[in-house]
file model-v3.cif (mmCIF, C-alpha atoms)
data_target
#
loop_
_atom_site.group_PDB
_atom_site.id
_atom_site.type_symbol
_atom_site.label_atom_id
_atom_site.label_comp_id
_atom_site.auth_asym_id
_atom_site.auth_seq_id
_atom_site.Cartn_x
_atom_site.Cartn_y
_atom_site.Cartn_z
ATOM 1 C CA MET A 1 0.000 0.000 0.000
ATOM 2 C CA GLU A 2 1.471 3.348 -1.056
ATOM 3 C CA ASN A 3 2.158 5.906 1.687
ATOM 4 C CA LEU A 4 0.907 3.409 4.262
ATOM 5 C CA ASP A 5 2.282 5.131 7.349
ATOM 6 C CA ASP A 6 0.983 8.531 6.224
ATOM 7 C CA ARG A 7 -2.499 7.086 5.678
ATOM 8 C CA VAL A 8 -2.514 5.362 9.067
ATOM 9 C CA GLN A 9 -1.390 8.549 10.821
ATOM 10 C CA ASN A 10 -4.120 10.521 9.063
ATOM 11 C CA ALA A 11 -6.624 7.895 10.209
ATOM 12 C CA ILE A 12 -5.447 8.457 13.787
ATOM 13 C CA ARG A 13 -5.601 12.241 13.428
ATOM 14 C CA HIS A 14 -9.117 12.033 11.974
ATOM 15 C CA ALA A 15 -10.358 9.959 14.917
ATOM 16 C CA CYS A 16 -8.564 11.795 17.731
ATOM 17 C CA LEU A 17 -8.176 15.375 16.473
ATOM 18 C CA TRP A 18 -10.335 16.265 13.483
ATOM 19 C CA ASP A 19 -13.634 14.481 14.096
ATOM 20 C CA THR A 20 -14.598 16.602 17.109
ATOM 21 C CA THR A 21 -15.489 20.124 18.222
ATOM 22 C CA GLU A 22 -14.349 19.415 21.784
ATOM 23 C CA GLU A 23 -10.956 20.037 23.337
ATOM 24 C CA GLU A 24 -10.771 16.370 24.246
ATOM 25 C CA PRO A 25 -13.063 13.884 22.441
ATOM 26 C CA SER A 26 -14.532 11.035 24.451
ATOM 27 C CA ARG A 27 -12.789 7.681 24.260
ATOM 28 C CA GLU A 28 -16.025 6.015 23.192
ATOM 29 C CA LYS A 29 -16.174 8.303 20.141
ATOM 30 C CA TYR A 30 -12.568 8.281 18.948
ATOM 31 C CA CYS A 31 -11.992 4.601 19.732
ATOM 32 C CA GLY A 32 -14.816 3.461 17.456
ATOM 33 C CA THR A 33 -13.863 5.932 14.729
ATOM 34 C CA LEU A 34 -10.212 4.858 14.832
ATOM 35 C CA VAL A 35 -10.984 1.143 14.525
ATOM 36 C CA ARG A 36 -13.301 1.734 11.566
ATOM 37 C CA ASN A 37 -10.719 3.973 9.891
ATOM 38 C CA LEU A 38 -8.007 1.325 10.259
ATOM 39 C CA LEU A 39 -10.285 -1.480 9.071
ATOM 40 C CA HIS A 40 -11.243 0.647 6.069
ATOM 41 C CA LEU A 41 -7.543 0.968 5.229
ATOM 42 C CA CYS A 42 -7.087 -2.800 5.506
ATOM 43 C CA GLY A 43 -10.184 -3.387 3.380
ATOM 44 C CA SER A 44 -8.810 -1.176 0.620
ATOM 45 C CA LEU A 45 -6.380 -4.010 -0.197
ATOM 46 C CA GLN A 46 -9.237 -6.034 -1.712
ATOM 47 C CA ALA A 47 -8.070 -5.190 -5.246
ATOM 48 C CA THR A 48 -4.831 -7.126 -4.675
ATOM 49 C CA HIS A 49 -6.342 -9.681 -2.261
ATOM 50 C CA PRO A 50 -9.734 -10.741 -3.700
ATOM 51 C CA GLY A 51 -10.325 -13.089 -0.751
ATOM 52 C CA LEU A 52 -11.187 -10.025 1.345
ATOM 53 C CA GLY A 53 -14.426 -9.777 -0.642
ATOM 54 C CA ARG A 54 -15.602 -13.039 0.932
ATOM 55 C CA ARG A 55 -16.020 -11.410 4.349
ATOM 56 C CA ILE A 56 -18.555 -9.248 6.136
ATOM 57 C CA PHE A 57 -18.839 -7.426 9.462
ATOM 58 C CA ALA A 58 -21.583 -8.088 11.996
ATOM 59 C CA GLU A 59 -22.478 -5.856 14.942
ATOM 60 C CA LYS A 60 -24.559 -6.632 18.016
ATOM 61 C CA TYR A 61 -24.726 -10.352 17.319
ATOM 62 C CA SER A 62 -25.424 -12.482 20.395
ATOM 63 C CA LEU A 63 -23.259 -15.517 21.155
ATOM 64 C CA ALA A 64 -24.198 -18.439 23.409
ATOM 65 C CA ALA A 65 -21.654 -21.195 24.111
ATOM 66 C CA THR A 66 -22.197 -23.991 26.656
ATOM 67 C CA TRP A 67 -19.888 -26.731 27.900
ATOM 68 C CA SER A 68 -19.256 -28.868 30.985
ATOM 69 C CA ARG A 69 -16.112 -29.440 33.005
ATOM 70 C CA GLY A 70 -16.181 -31.622 36.070
ATOM 71 C CA ASP A 71 -19.550 -31.275 37.760
ATOM 72 C CA GLU A 72 -20.068 -27.699 36.601
ATOM 73 C CA LEU A 73 -21.824 -26.174 33.605
ATOM 74 C CA PHE A 74 -20.271 -23.140 31.922
ATOM 75 C CA GLN A 75 -21.710 -20.600 29.535
ATOM 76 C CA VAL A 76 -20.326 -17.686 27.557
ATOM 77 C CA ARG A 77 -23.218 -15.493 26.489
ATOM 78 C CA GLY A 78 -23.896 -11.976 25.304
ATOM 79 C CA LYS A 79 -23.065 -9.286 22.776
ATOM 80 C CA ASN A 80 -19.332 -8.924 22.603
ATOM 81 C CA GLY A 81 -18.103 -6.640 19.837
ATOM 82 C CA LEU A 82 -17.682 -6.228 16.091
ATOM 83 C CA LEU A 83 -17.224 -9.586 14.378
ATOM 84 C CA LEU A 84 -15.579 -10.114 11.006
ATOM 85 C CA ASN A 85 -17.142 -13.217 9.444
ATOM 86 C CA SER A 86 -15.881 -15.136 6.440
ATOM 87 C CA MET A 87 -17.101 -17.653 3.893
ATOM 88 C CA ASP A 88 -13.892 -19.601 4.506
ATOM 89 C CA PRO A 89 -12.339 -20.844 7.764
ATOM 90 C CA LEU A 90 -9.023 -19.435 8.932
ATOM 91 C CA PRO A 91 -5.974 -21.611 8.204
ATOM 92 C CA VAL A 92 -4.733 -23.745 11.083
ATOM 93 C CA VAL A 93 -1.847 -22.071 12.928
ATOM 94 C CA ALA A 94 -0.334 -25.105 14.705
ATOM 95 C CA GLY A 95 0.201 -28.341 12.782
ATOM 96 C CA LYS A 96 -0.687 -31.892 13.814
ATOM 97 C CA GLU A 97 2.646 -32.610 15.509
ATOM 98 C CA GLU A 98 2.488 -29.430 17.584
ATOM 99 C CA ILE A 99 -1.129 -30.198 18.509
ATOM 100 C CA GLN A 100 -0.235 -33.708 19.594
ATOM 101 C CA ASN A 101 2.601 -32.352 21.740
ATOM 102 C CA THR A 102 0.075 -30.386 23.815
ATOM 103 C CA ALA A 103 -0.982 -33.725 25.374
ATOM 104 C CA ASP A 104 2.251 -33.632 27.387
ATOM 105 C CA HIS A 105 1.537 -30.143 28.718
ATOM 106 C CA ILE A 106 0.534 -30.015 32.375
ATOM 107 C CA LEU A 107 -2.192 -27.464 33.105
ATOM 108 C CA GLU A 108 -1.570 -24.994 35.897
ATOM 109 C CA THR A 109 -3.789 -25.271 38.936
ATOM 110 C CA PHE A 110 -5.007 -22.858 41.639
ATOM 111 C CA TYR A 111 -5.635 -25.698 44.076
ATOM 112 C CA PRO A 112 -7.053 -25.489 46.685
ATOM 113 C CA ILE A 113 -8.765 -22.429 45.131
ATOM 114 C CA SER A 114 -11.342 -23.220 42.481
ATOM 115 C CA PRO A 115 -10.614 -21.608 39.078
ATOM 116 C CA THR A 116 -14.311 -20.662 38.938
ATOM 117 C CA ILE A 117 -14.167 -18.617 42.151
ATOM 118 C CA ASP A 118 -14.685 -15.256 40.372
ATOM 119 C CA LEU A 119 -17.268 -16.398 37.829
ATOM 120 C CA GLN A 120 -20.866 -15.280 38.155
ATOM 121 C CA ARG A 121 -23.186 -18.073 39.268
ATOM 122 C CA VAL A 122 -26.689 -17.946 37.785
ATOM 123 C CA HIS A 123 -29.709 -20.202 37.342
ATOM 124 C CA VAL A 124 -29.864 -21.617 33.813
ATOM 125 C CA TYR A 125 -33.169 -22.918 32.511
ATOM 126 C CA LYS A 126 -32.083 -23.546 28.927
ATOM 127 C CA GLU A 127 -28.657 -24.707 27.749
ATOM 128 C CA LEU A 128 -27.957 -22.665 24.638
ATOM 129 C CA SER A 129 -25.148 -23.106 22.140
ATOM 130 C CA HIS A 130 -25.545 -20.834 19.144
ATOM 131 C CA THR A 131 -23.250 -18.745 16.940
ATOM 132 C CA GLY A 132 -25.780 -15.918 16.769
ATOM 133 C CA PHE A 133 -26.454 -16.479 13.057
ATOM 134 C CA LYS A 134 -28.888 -18.622 11.084
ATOM 135 C CA ASP A 135 -27.692 -22.010 9.846
ATOM 136 C CA ASP A 136 -27.801 -20.880 6.206
ATOM 137 C CA TYR A 137 -25.814 -17.680 6.851
ATOM 138 C CA PRO A 138 -23.352 -17.401 3.910
ATOM 139 C CA TYR A 139 -20.509 -16.186 6.184
ATOM 140 C CA PRO A 140 -20.508 -18.898 8.857
ATOM 141 C CA HIS A 141 -16.859 -18.716 9.991
ATOM 142 C CA ALA A 142 -15.833 -16.256 12.718
ATOM 143 C CA HIS A 143 -12.588 -14.625 11.560
ATOM 144 C CA THR A 144 -11.690 -11.785 13.956
ATOM 145 C CA LEU A 145 -13.537 -10.302 16.909
ATOM 146 C CA PHE A 146 -12.879 -6.603 17.586
ATOM 147 C CA ILE A 147 -13.517 -5.435 21.155
ATOM 148 C CA LEU A 148 -13.448 -1.714 21.983
ATOM 149 C CA ARG A 149 -12.304 -0.811 25.486
ATOM 150 C CA ALA A 150 -14.689 2.113 25.664
ATOM 151 C CA GLY A 151 -18.061 2.869 27.188
ATOM 152 C CA ASP A 152 -19.199 2.388 30.759
ATOM 153 C CA THR A 153 -18.630 -1.368 31.032
ATOM 154 C CA LEU A 154 -15.115 -1.742 29.608
ATOM 155 C CA VAL A 155 -13.343 1.599 30.050
ATOM 156 C CA ASN A 156 -12.004 0.697 33.514
ATOM 157 C CA LEU A 157 -11.362 -2.963 32.744
ATOM 158 C CA PRO A 158 -7.687 -3.817 33.490
ATOM 159 C CA PRO A 159 -5.694 -5.099 30.484
ATOM 160 C CA GLU A 160 -5.390 -8.593 32.016
ATOM 161 C CA GLN A 161 -9.168 -8.894 32.328
ATOM 162 C CA LEU A 162 -9.629 -7.478 28.824
ATOM 163 C CA ARG A 163 -7.353 -10.193 27.421
ATOM 164 C CA ALA A 164 -9.307 -12.788 29.408
ATOM 165 C CA LYS A 165 -12.503 -11.491 27.779
ATOM 166 C CA MET A 166 -10.857 -11.753 24.358
ATOM 167 C CA ILE A 167 -9.831 -15.366 24.971
ATOM 168 C CA MET A 168 -13.237 -16.227 26.424
ATOM 169 C CA PHE A 169 -15.221 -14.953 23.431
ATOM 170 C CA ALA A 170 -12.729 -16.239 20.844
ATOM 171 C CA PHE A 171 -13.106 -19.650 22.496
ATOM 172 C CA GLY A 172 -16.897 -19.279 22.588
ATOM 173 C CA ASN A 173 -17.078 -18.471 18.869
ATOM 174 C CA ALA A 174 -14.818 -21.419 18.010
ATOM 175 C CA LEU A 175 -16.703 -23.845 20.257
ATOM 176 C CA THR A 176 -20.148 -22.995 18.878
ATOM 177 C CA ARG A 177 -18.840 -23.382 15.328
ATOM 178 C CA ALA A 178 -17.425 -26.810 16.212
ATOM 179 C CA GLN A 179 -20.726 -27.845 17.810
ATOM 180 C CA THR A 180 -22.627 -26.639 14.731
ATOM 181 C CA LEU A 181 -20.396 -28.744 12.468
ATOM 182 C CA HIS A 182 -19.941 -31.852 14.613
ATOM 183 C CA GLY A 183 -22.709 -31.819 17.200
ATOM 184 C CA THR A 184 -22.234 -31.822 20.960
ATOM 185 C CA LYS A 185 -20.196 -35.050 21.102
ATOM 186 C CA ALA A 186 -16.812 -34.143 22.604
ATOM 187 C CA GLY A 187 -13.537 -35.128 20.950
ATOM 188 C CA VAL A 188 -10.364 -34.018 19.174
ATOM 189 C CA LEU A 189 -11.139 -32.115 15.968
ATOM 190 C CA GLU A 190 -9.753 -33.375 12.664
ATOM 191 C CA GLU A 191 -9.748 -29.770 11.440
ATOM 192 C CA PRO A 192 -9.011 -27.325 14.300
ATOM 193 C CA ILE A 193 -10.923 -24.033 14.346
ATOM 194 C CA VAL A 194 -9.044 -20.729 14.580
ATOM 195 C CA VAL A 195 -10.565 -17.422 15.754
ATOM 196 C CA GLN A 196 -8.681 -14.153 16.210
ATOM 197 C CA SER A 197 -9.422 -11.234 18.517
ATOM 198 C CA VAL A 198 -8.230 -7.626 18.651
ATOM 199 C CA ALA A 199 -9.000 -5.217 21.490
ATOM 200 C CA THR A 200 -8.093 -1.555 21.847
ATOM 201 C CA ASP A 201 -8.819 1.543 23.871
ATOM 202 C CA GLY A 202 -7.944 3.716 20.883
ATOM 203 C CA GLN A 203 -4.219 3.762 21.677
ATOM 204 C CA MET A 204 -3.125 0.414 23.147
ATOM 205 C CA PHE A 205 -3.794 -2.792 21.224
ATOM 206 C CA GLN A 206 -4.108 -6.405 22.384
ATOM 207 C CA PHE A 207 -3.893 -9.320 19.932
ATOM 208 C CA VAL A 208 -5.112 -12.888 20.490
ATOM 209 C CA VAL A 209 -5.192 -15.940 18.208
ATOM 210 C CA PHE A 210 -7.104 -18.944 19.556
ATOM 211 C CA GLN A 211 -7.007 -22.456 18.086
ATOM 212 C CA LEU A 212 -9.648 -24.958 19.180
ATOM 213 C CA ASN A 213 -8.121 -28.428 18.877
ATOM 214 C CA THR A 214 -10.598 -30.358 21.007
ATOM 215 C CA THR A 215 -14.107 -30.043 22.418
ATOM 216 C CA ASP A 216 -13.342 -32.637 25.115
ATOM 217 C CA LEU A 217 -13.000 -30.170 27.966
ATOM 218 C CA GLN A 218 -13.590 -32.545 30.897
ATOM 219 C CA PRO A 219 -10.138 -34.053 31.604
ATOM 220 C CA ASP A 220 -6.798 -32.371 32.303
ATOM 221 C CA GLU A 221 -5.087 -35.001 30.162
ATOM 222 C CA GLY A 222 -4.963 -35.297 26.385
ATOM 223 C CA VAL A 223 -4.837 -32.721 23.594
ATOM 224 C CA LYS A 224 -5.190 -29.096 24.733
ATOM 225 C CA ASN A 225 -6.427 -25.972 23.014
ATOM 226 C CA MET A 226 -3.922 -23.237 22.205
ATOM 227 C CA VAL A 227 -3.753 -19.453 22.386
ATOM 228 C CA TRP A 228 -1.175 -16.888 21.259
ATOM 229 C CA ILE A 229 -1.155 -13.428 22.889
ATOM 230 C CA ASP A 230 0.650 -10.198 21.977
ATOM 231 C CA GLU A 231 -0.143 -7.678 24.681
ATOM 232 C CA ASP A 232 0.053 -3.921 25.319
ATOM 233 C CA GLN A 233 1.092 -2.726 21.853
ATOM 234 C CA LEU A 234 0.985 1.068 21.535
ATOM 235 C CA LEU A 235 -0.128 2.524 18.207
ATOM 236 C CA TYR A 236 1.085 6.011 19.181
ATOM 237 C CA ASP A 237 2.333 7.862 22.265
ATOM 238 C CA SER A 238 -0.131 10.760 22.228
ATOM 239 C CA ALA A 239 -2.742 12.474 20.058
ATOM 240 C CA ILE A 240 -4.082 15.629 21.688
ATOM 241 C CA VAL A 241 -5.763 18.808 20.499
ATOM 242 C CA CYS A 242 -4.007 21.177 22.931
ATOM 243 C CA PRO A 243 -0.394 20.876 24.138
ATOM 244 C CA VAL A 244 0.376 19.915 27.732
ATOM 245 C CA LEU A 245 2.376 22.650 29.465
ATOM 246 C CA LYS A 246 4.434 22.356 32.629
ATOM 247 C CA ARG A 247 6.015 25.542 33.973
ATOM 248 C CA LYS A 248 5.322 27.248 30.626
ATOM 249 C CA VAL A 249 7.276 24.549 28.795
ATOM 250 C CA VAL A 250 5.620 22.219 26.281
ATOM 251 C CA HIS A 251 5.727 18.773 27.882
ATOM 252 C CA ILE A 252 3.563 16.991 25.284
ATOM 253 C CA PRO A 253 3.076 18.719 21.908
ATOM 254 C CA ALA A 254 -0.298 19.097 20.236
ATOM 255 C CA GLY A 255 -1.116 16.698 17.441
ATOM 256 C CA LEU A 256 0.071 13.145 16.890
ATOM 257 C CA SER A 257 3.410 11.973 18.221
ATOM 258 C CA GLY A 258 5.209 8.679 18.699
ATOM 259 C CA TYR A 259 3.488 6.702 15.919
ATOM 260 C CA LYS A 260 4.371 2.972 16.003
ATOM 261 C CA SER A 261 3.998 1.468 12.529
ATOM 262 C CA GLU A 262 4.693 -2.101 13.700
ATOM 263 C CA THR A 263 1.431 -2.156 15.682
ATOM 264 C CA PHE A 264 -0.635 -1.427 12.588
ATOM 265 C CA GLN A 265 1.395 -4.019 10.674
ATOM 266 C CA LYS A 266 0.264 -6.632 13.224
ATOM 267 C CA LEU A 267 -3.362 -5.530 12.879
ATOM 268 C CA MET A 268 -3.112 -5.721 9.095
ATOM 269 C CA ALA A 269 -1.461 -9.149 9.287
ATOM 270 C CA LEU A 270 -4.378 -10.532 11.299
ATOM 271 C CA TYR A 271 -6.880 -8.913 8.927
ATOM 272 C CA LEU A 272 -5.158 -10.400 5.855
ATOM 273 C CA HIS A 273 -4.795 -13.845 7.446
ATOM 274 C CA GLY A 274 -6.531 -16.351 5.232
ATOM 275 C CA ALA A 275 -6.696 -14.020 2.209
ATOM 276 C CA VAL A 276 -3.004 -13.970 1.240
#
call {"tool": "encode", "arguments": {"input": "model-v3.cif", "output": "C-alpha cells"}}
result
Amino acid sequence: MENLDDRVQNAIRHACLWDTTEEEPSREKYCGTLVRNLLHLCGSLQATHPGLGRRIFAEKYSLAATWSRGDELFQVRGKNGLLLNSMDPLPVVAGKEEIQNTADHILETFYPISPTIDLQRVHVYKELSHTGFKDDYPYPHAHTLFILRAGDTLVNLPPEQLRAKMIMFAFGNALTRAQTLHGTKAGVLEEPIVVQSVATDGQMFQFVVFQLNTTDLQPDEGVKNMVWIDEDQLLYDSAIVCPVLKRKVVHIPAGLSGYKSETFQKLMALYLHGAV
C-alpha cells in the first residue's frame, strides 16, 4: 500500500483530532472511529487480495456457548463486539505434531482455590449453544472479533481482564462453530478451528489468536487448546488537540506523536490472514 504510514497517521488524526469540536473527544467516540478507519484501510487491499471480498462485518450479534467441566456447567453469552465473518475458515496455525505435543503439557492449577471462584453463578433454565447467526448464513466462519475498550462497562477494565474477555469470546465463537459442524459429542477435531481477537482503547492494542483443537474439555489429560497473545502494543504515544504545558514549557506537543507502525502491521497481518 502506497504511503501506508501517512495514511494510518491521518486515520489516527481524523479519529482523535479532526472528528470533534471538543478540546478532548470522548474515548467512546474516537476509539470506534479509529478502529473503523483502520479497518477501512485494511479493506482497501481487496483489489490485490480478492479473498477479502468473501467477508462481512456483523455488529450486536449475540453468542451463546455452553460446555461442561467436572460437575459444573459453563456458559459464555452476550453481545461482545464487532465480528468479522468469512465464507472460509481461517488456516490452522499449529500443525498436527504441535497439537499432539500439547498432550504432554501439564495445566496450571489454583488448588485449593477453584478456578471458577470469580465467575458469576446464575440459574440456567435452557442450555444454549448458538453462533448468533442462522444455519444458512453465507458467512458462517468467525474470523476476527474486535472489542473496543470504551463505554461504561469496559473503560475501567484492566488489560489482564480485557485479554481474558478476548480469549473467552474467541473460544466461545470457536466452540459454537465446532458444535454446529460436529454436534455436541466431545472429541479431538480433525480440522481445528481458529478465531482471532483484537482489542483496543484507541491507543493500546491487544492481539489474540485462539485455536480450538478439542471439544473434550472434561479431563486435564490429552490434547489441549492453544492461544497466542501479543499484549500492550501502543499505536502512538499521544494524540491531543491542545499541548500539555508544565512551567510554561511544552511537555507533550499538540497533534500526533510517537506513531508505532509495527502495531498497525500486526493488525493488518491478522486482517489479511486467510486471504493472502
call {"tool": "closest_residue", "arguments": {"input": "model-v3.cif", "among": "A:Leu128, A:Val276, A:Cys242, A:Leu181", "to": "Ala65 of chain A", "atoms": "all atoms listed in the file"}}
result
A:Leu128
call {"tool": "resolve_selection", "arguments": {"input": "model-v3.cif", "expression": "the PyMOL selection byres ((chain A and resi 1) around 12)", "output": "ChimeraX atom specification"}}
result
/A:2-8,41-49,265,268
call {"tool": "resolve_selection", "arguments": {"input": "model-v3.cif", "expression": "the PyMOL selection byres ((chain A and resi 9) around 10)", "output": "MDAnalysis selection string"}}
result
chainID A and resid 4:8 10:15 38 235:236 256:257 259:261
call {"tool": "resolve_selection", "arguments": {"input": "model-v3.cif", "expression": "the PyMOL selection byres ((chain A and resi 172) around 8)", "output": "PyMOL selection string"}}
result
chain A and resi 63-65+76+168-171+173-176
call {"tool": "atom_distance", "arguments": {"input": "model-v3.cif", "atom1": "atom CA of Gly132 of chain A", "atom2": "atom CA of Thr200 of chain A"}}
result
23.3 Å
call {"tool": "build_atoms", "arguments": {"input": "model-v3.cif", "residues": "segment 139-149 of chain A", "atoms": "all heavy atoms", "output": "PDB file, in the frame of the given file"}}
result
ATOM      1  N   TYR A 139     -21.826 -16.481   5.594  1.00  0.00           N
ATOM      2  CA  TYR A 139     -20.509 -16.186   6.184  1.00  0.00           C
ATOM      3  C   TYR A 139     -20.434 -16.861   7.555  1.00  0.00           C
ATOM      4  O   TYR A 139     -20.452 -16.187   8.591  1.00  0.00           O
ATOM      5  CB  TYR A 139     -20.304 -14.680   6.320  1.00  0.00           C
ATOM      6  CG  TYR A 139     -20.471 -13.908   5.034  1.00  0.00           C
ATOM      7  CD1 TYR A 139     -21.727 -13.432   4.648  1.00  0.00           C
ATOM      8  CD2 TYR A 139     -19.387 -13.648   4.198  1.00  0.00           C
ATOM      9  CE1 TYR A 139     -21.893 -12.723   3.461  1.00  0.00           C
ATOM     10  CE2 TYR A 139     -19.539 -12.939   3.016  1.00  0.00           C
ATOM     11  CZ  TYR A 139     -20.792 -12.473   2.656  1.00  0.00           C
ATOM     12  OH  TYR A 139     -20.943 -11.769   1.491  1.00  0.00           O
ATOM     13  N   PRO A 140     -20.330 -18.183   7.597  1.00  0.00           N
ATOM     14  CA  PRO A 140     -20.508 -18.898   8.857  1.00  0.00           C
ATOM     15  C   PRO A 140     -19.279 -18.935   9.762  1.00  0.00           C
ATOM     16  O   PRO A 140     -19.384 -19.321  10.926  1.00  0.00           O
ATOM     17  CB  PRO A 140     -20.850 -20.316   8.393  1.00  0.00           C
ATOM     18  CG  PRO A 140     -20.123 -20.464   7.090  1.00  0.00           C
ATOM     19  CD  PRO A 140     -20.153 -19.104   6.452  1.00  0.00           C
ATOM     20  N   HIS A 141     -18.103 -18.540   9.230  1.00  0.00           N
ATOM     21  CA  HIS A 141     -16.859 -18.716   9.991  1.00  0.00           C
ATOM     22  C   HIS A 141     -16.449 -17.408  10.668  1.00  0.00           C
ATOM     23  O   HIS A 141     -16.231 -16.396   9.987  1.00  0.00           O
ATOM     24  CB  HIS A 141     -15.743 -19.190   9.063  1.00  0.00           C
ATOM     25  CG  HIS A 141     -16.059 -20.465   8.340  1.00  0.00           C
ATOM     26  ND1 HIS A 141     -15.991 -21.698   8.937  1.00  0.00           N
ATOM     27  CD2 HIS A 141     -16.485 -20.678   7.058  1.00  0.00           C
ATOM     28  CE1 HIS A 141     -16.332 -22.628   8.056  1.00  0.00           C
ATOM     29  NE2 HIS A 141     -16.638 -22.037   6.915  1.00  0.00           N
ATOM     30  N   ALA A 142     -16.347 -17.418  11.983  1.00  0.00           N
ATOM     31  CA  ALA A 142     -15.833 -16.256  12.718  1.00  0.00           C
ATOM     32  C   ALA A 142     -14.354 -16.080  12.385  1.00  0.00           C
ATOM     33  O   ALA A 142     -13.563 -17.018  12.521  1.00  0.00           O
ATOM     34  CB  ALA A 142     -16.034 -16.443  14.213  1.00  0.00           C
ATOM     35  N   HIS A 143     -13.976 -14.898  11.942  1.00  0.00           N
ATOM     36  CA  HIS A 143     -12.588 -14.625  11.560  1.00  0.00           C
ATOM     37  C   HIS A 143     -11.877 -13.848  12.679  1.00  0.00           C
ATOM     38  O   HIS A 143     -10.950 -14.360  13.297  1.00  0.00           O
ATOM     39  CB  HIS A 143     -12.554 -13.836  10.249  1.00  0.00           C
ATOM     40  CG  HIS A 143     -11.180 -13.587   9.695  1.00  0.00           C
ATOM     41  ND1 HIS A 143     -10.333 -12.634  10.220  1.00  0.00           N
ATOM     42  CD2 HIS A 143     -10.513 -14.165   8.663  1.00  0.00           C
ATOM     43  CE1 HIS A 143      -9.199 -12.630   9.538  1.00  0.00           C
ATOM     44  NE2 HIS A 143      -9.288 -13.556   8.583  1.00  0.00           N
ATOM     45  N   THR A 144     -12.327 -12.623  12.932  1.00  0.00           N
ATOM     46  CA  THR A 144     -11.690 -11.785  13.956  1.00  0.00           C
ATOM     47  C   THR A 144     -12.762 -11.014  14.718  1.00  0.00           C
ATOM     48  O   THR A 144     -13.637 -10.395  14.115  1.00  0.00           O
ATOM     49  CB  THR A 144     -10.697 -10.785  13.323  1.00  0.00           C
ATOM     50  OG1 THR A 144      -9.732 -11.506  12.543  1.00  0.00           O
ATOM     51  CG2 THR A 144      -9.968 -10.003  14.415  1.00  0.00           C
ATOM     52  N   LEU A 145     -12.649 -11.060  16.032  1.00  0.00           N
ATOM     53  CA  LEU A 145     -13.537 -10.302  16.909  1.00  0.00           C
ATOM     54  C   LEU A 145     -12.816  -9.042  17.367  1.00  0.00           C
ATOM     55  O   LEU A 145     -11.695  -9.109  17.875  1.00  0.00           O
ATOM     56  CB  LEU A 145     -13.926 -11.161  18.122  1.00  0.00           C
ATOM     57  CG  LEU A 145     -14.728 -10.464  19.223  1.00  0.00           C
ATOM     58  CD1 LEU A 145     -16.096 -10.034  18.706  1.00  0.00           C
ATOM     59  CD2 LEU A 145     -14.881 -11.386  20.435  1.00  0.00           C
ATOM     60  N   PHE A 146     -13.454  -7.885  17.179  1.00  0.00           N
ATOM     61  CA  PHE A 146     -12.879  -6.603  17.586  1.00  0.00           C
ATOM     62  C   PHE A 146     -13.645  -6.090  18.803  1.00  0.00           C
ATOM     63  O   PHE A 146     -14.863  -5.885  18.744  1.00  0.00           O
ATOM     64  CB  PHE A 146     -12.960  -5.586  16.442  1.00  0.00           C
ATOM     65  CG  PHE A 146     -12.143  -5.976  15.241  1.00  0.00           C
ATOM     66  CD1 PHE A 146     -12.707  -6.739  14.221  1.00  0.00           C
ATOM     67  CD2 PHE A 146     -10.819  -5.607  15.137  1.00  0.00           C
ATOM     68  CE1 PHE A 146     -11.966  -7.118  13.116  1.00  0.00           C
ATOM     69  CE2 PHE A 146     -10.061  -5.972  14.024  1.00  0.00           C
ATOM     70  CZ  PHE A 146     -10.634  -6.731  13.017  1.00  0.00           C
ATOM     71  N   ILE A 147     -12.921  -5.893  19.900  1.00  0.00           N
ATOM     72  CA  ILE A 147     -13.517  -5.435  21.155  1.00  0.00           C
ATOM     73  C   ILE A 147     -12.968  -4.044  21.461  1.00  0.00           C
ATOM     74  O   ILE A 147     -11.741  -3.845  21.498  1.00  0.00           O
ATOM     75  CB  ILE A 147     -13.208  -6.401  22.307  1.00  0.00           C
ATOM     76  CG1 ILE A 147     -13.810  -7.781  22.017  1.00  0.00           C
ATOM     77  CG2 ILE A 147     -13.741  -5.862  23.633  1.00  0.00           C
ATOM     78  CD1 ILE A 147     -13.471  -8.827  23.056  1.00  0.00           C
ATOM     79  N   LEU A 148     -13.848  -3.081  21.677  1.00  0.00           N
ATOM     80  CA  LEU A 148     -13.448  -1.714  21.983  1.00  0.00           C
ATOM     81  C   LEU A 148     -13.486  -1.499  23.489  1.00  0.00           C
ATOM     82  O   LEU A 148     -14.518  -1.721  24.117  1.00  0.00           O
ATOM     83  CB  LEU A 148     -14.365  -0.712  21.281  1.00  0.00           C
ATOM     84  CG  LEU A 148     -14.535  -0.896  19.769  1.00  0.00           C
ATOM     85  CD1 LEU A 148     -15.367   0.241  19.196  1.00  0.00           C
ATOM     86  CD2 LEU A 148     -13.187  -0.978  19.069  1.00  0.00           C
ATOM     87  N   ARG A 149     -12.361  -1.091  24.046  1.00  0.00           N
ATOM     88  CA  ARG A 149     -12.304  -0.811  25.486  1.00  0.00           C
ATOM     89  C   ARG A 149     -12.767   0.617  25.711  1.00  0.00           C
ATOM     90  O   ARG A 149     -12.006   1.526  26.005  1.00  0.00           O
ATOM     91  CB  ARG A 149     -10.875  -1.013  26.005  1.00  0.00           C
ATOM     92  CG  ARG A 149     -10.730  -0.917  27.510  1.00  0.00           C
ATOM     93  CD  ARG A 149      -9.364  -1.380  27.953  1.00  0.00           C
ATOM     94  NE  ARG A 149      -9.137  -1.081  29.360  1.00  0.00           N
ATOM     95  CZ  ARG A 149      -8.168  -0.312  29.808  1.00  0.00           C
ATOM     96  NH1 ARG A 149      -7.327   0.250  28.959  1.00  0.00           N
ATOM     97  NH2 ARG A 149      -8.024  -0.092  31.103  1.00  0.00           N
TER      98      ARG A 149
END
